[in-house]
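Data block below; observations after.
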Amino acid sequence: MQDAVLFDGRSDGIAIITLNRPETRNCLSVEIRDGLRDAWSRFETDPHLRVAILTGIGEVFCAGGDLKEMVATGMTVPPRDMFALPYDTIELTKPTIAAVSGAAFAGGWMIAQACDLCVADTTARFAITEVKVGRSSPWAAPLIHMVGQRIMMEILLTGRPITAARAYEIGLVNRLAEPADLLDTAVDLATQILAGAPLSVKAARETVMLATEMGRSAALAAARAASEYCYHSDDAQEGPAAFAEKRSPRWSGR
């Protein structure tokens, strides 16, 4: 049997992580969960890889948790480390992009939301459906930093799907694409990130996350501290020099 999660570490510094159980709508079975945990670890520990794209094979990105498993085990509160969520239960320091085609429901929305950025094709639909199956969605709390309160309230209280166009309109999705262009669009976005100096990208990501976690004054102070290494790097001298000399910068990441 093929791996439940495929990993492609490309020579351009992009990792493609693909959910590979279309026959089960890529639900978050133990196979998928273990595969994601391994894939995120490979991405983080490989110094050559700088951006990861998470996508799925088939007509559904991810249908959510494995409800059959929940019934069989009598699951109540999911264990804290049950799902490999970037920047939550998995420590990551690099940018991630979700590339969504088809349904991203419940846990599918969860893993897409956990990524830094999201690209969706026109077939994509997003829903937090826990109210329809008697479960809960505490993982959705960070959504308040992505969409407005009333929008979030409606999504969680009704469990009704929203279209890709609506997800783009409310700020959940960064780019829309035709189905045939989904991965190319995600790779293009990743390539734009790769064009930046590695330490600058890292500091920029940390600044965004600090701003969502703290009040204004604390976030400013923490972001300044997080940027010190970047400012003192070789790349901080290389960038202005390349601009002055009208050439492309040669980033060293140090």
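Numbering starts fresh at 1 for the residues of each chain in the structure tokens, the chains themselves are lettered A, B, ... in the order given, and ligands are numbered from 1 as they appear.
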
Mind listing the alpha helix (DSSP H) residues of stretch 169-219 of chain A, per DSSP on the backbone, as JSON, numbers by chain? {"A": [169, 182, 183, 184, 185, 186, 187, 188, 189, 190, 191, 192, 193, 194, 198, 199, 200, 201, 202, 203, 204, 205, 206, 207, 208, 209, 210, 211, 212, 213, 216, 217, 218, 219]}

### Task
Name all residues at most 7 Å from A:Arg50 (count only C-alpha atoms; drop same-chain ones fewer than 5 positions away) and give them as an MDAnalysis selection string.
chainID A and resid 13:14 94

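Atom CA of A:Ala39 lies 25.1 Å from atom CA of A:Val77.
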
- Running DSSP on the backbone, which parts of stretch 12-253 of chain A land in strand (DSSP E or B), as a ChimeraX atom specification? /A:14-19,28,51-56,60-62,65,86,90,96-100,102-105,117-121,125-127,162-163,175-177

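Of the listed residues A:Leu189, A:Leu143, A:Leu210, A:Ile170, the one whose atoms come nearest to A:Ala114 is A:Leu143, with distances taken using only C-alpha atoms.
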
Need the shell around A:Pro138: protein/DNA/RNA residues with any atom at most 12 Å away, counting only C-alpha atoms. Skip same-chain ones fewer than 3 positions apart. Format as a short mmCIF file (atom, residue, chain, number, x, y, z; two decimals) with N, CA and C atoms, in the first residue's frame?
data_model
loop_
_atom_site.label_atom_id
_atom_site.label_comp_id
_atom_site.auth_asym_id
_atom_site.auth_seq_id
_atom_site.Cartn_x
_atom_site.Cartn_y
_atom_site.Cartn_z
N VAL A 77 -12.61 13.71 24.67
CA VAL A 77 -11.71 14.81 24.31
C VAL A 77 -10.51 14.23 23.56
N PRO A 78 -10.23 14.69 22.34
CA PRO A 78 -9.06 14.17 21.61
C PRO A 78 -7.78 14.48 22.39
N ARG A 80 -4.22 15.79 23.34
CA ARG A 80 -3.60 17.06 22.90
C ARG A 80 -2.71 16.87 21.69
N ALA A 106 -14.30 20.32 8.90
CA ALA A 106 -13.91 19.96 10.27
C ALA A 106 -12.38 19.88 10.37
N GLY A 107 -11.82 18.69 10.61
CA GLY A 107 -10.38 18.56 10.72
C GLY A 107 -9.65 18.97 9.46
N MET A 110 -9.25 22.47 9.89
CA MET A 110 -8.26 22.62 10.95
C MET A 110 -6.84 22.62 10.41
N ILE A 128 -16.79 24.14 9.23
CA ILE A 128 -16.51 23.63 10.57
C ILE A 128 -17.81 22.95 11.02
N GLU A 130 -18.56 20.53 13.25
CA GLU A 130 -18.65 19.81 14.53
C GLU A 130 -20.04 19.89 15.17
N VAL A 131 -20.75 21.01 14.99
CA VAL A 131 -22.08 21.11 15.61
C VAL A 131 -23.06 20.10 15.02
N ARG A 135 -19.75 17.22 18.20
CA ARG A 135 -18.38 17.43 18.66
C ARG A 135 -18.13 18.93 18.86
N ALA A 141 -10.22 28.49 17.53
CA ALA A 141 -10.06 29.78 18.22
C ALA A 141 -9.19 30.78 17.46
N PRO A 142 -8.04 30.37 16.86
CA PRO A 142 -7.22 31.36 16.14
C PRO A 142 -7.90 31.95 14.92
N LEU A 143 -9.03 31.40 14.49
CA LEU A 143 -9.73 31.93 13.32
C LEU A 143 -10.13 33.39 13.53
N ILE A 144 -10.28 33.82 14.78
CA ILE A 144 -10.69 35.19 15.06
C ILE A 144 -9.67 36.19 14.54
N LEU A 156 -19.18 28.71 12.83
CA LEU A 156 -19.16 27.69 13.88
C LEU A 156 -20.56 27.27 14.31
#
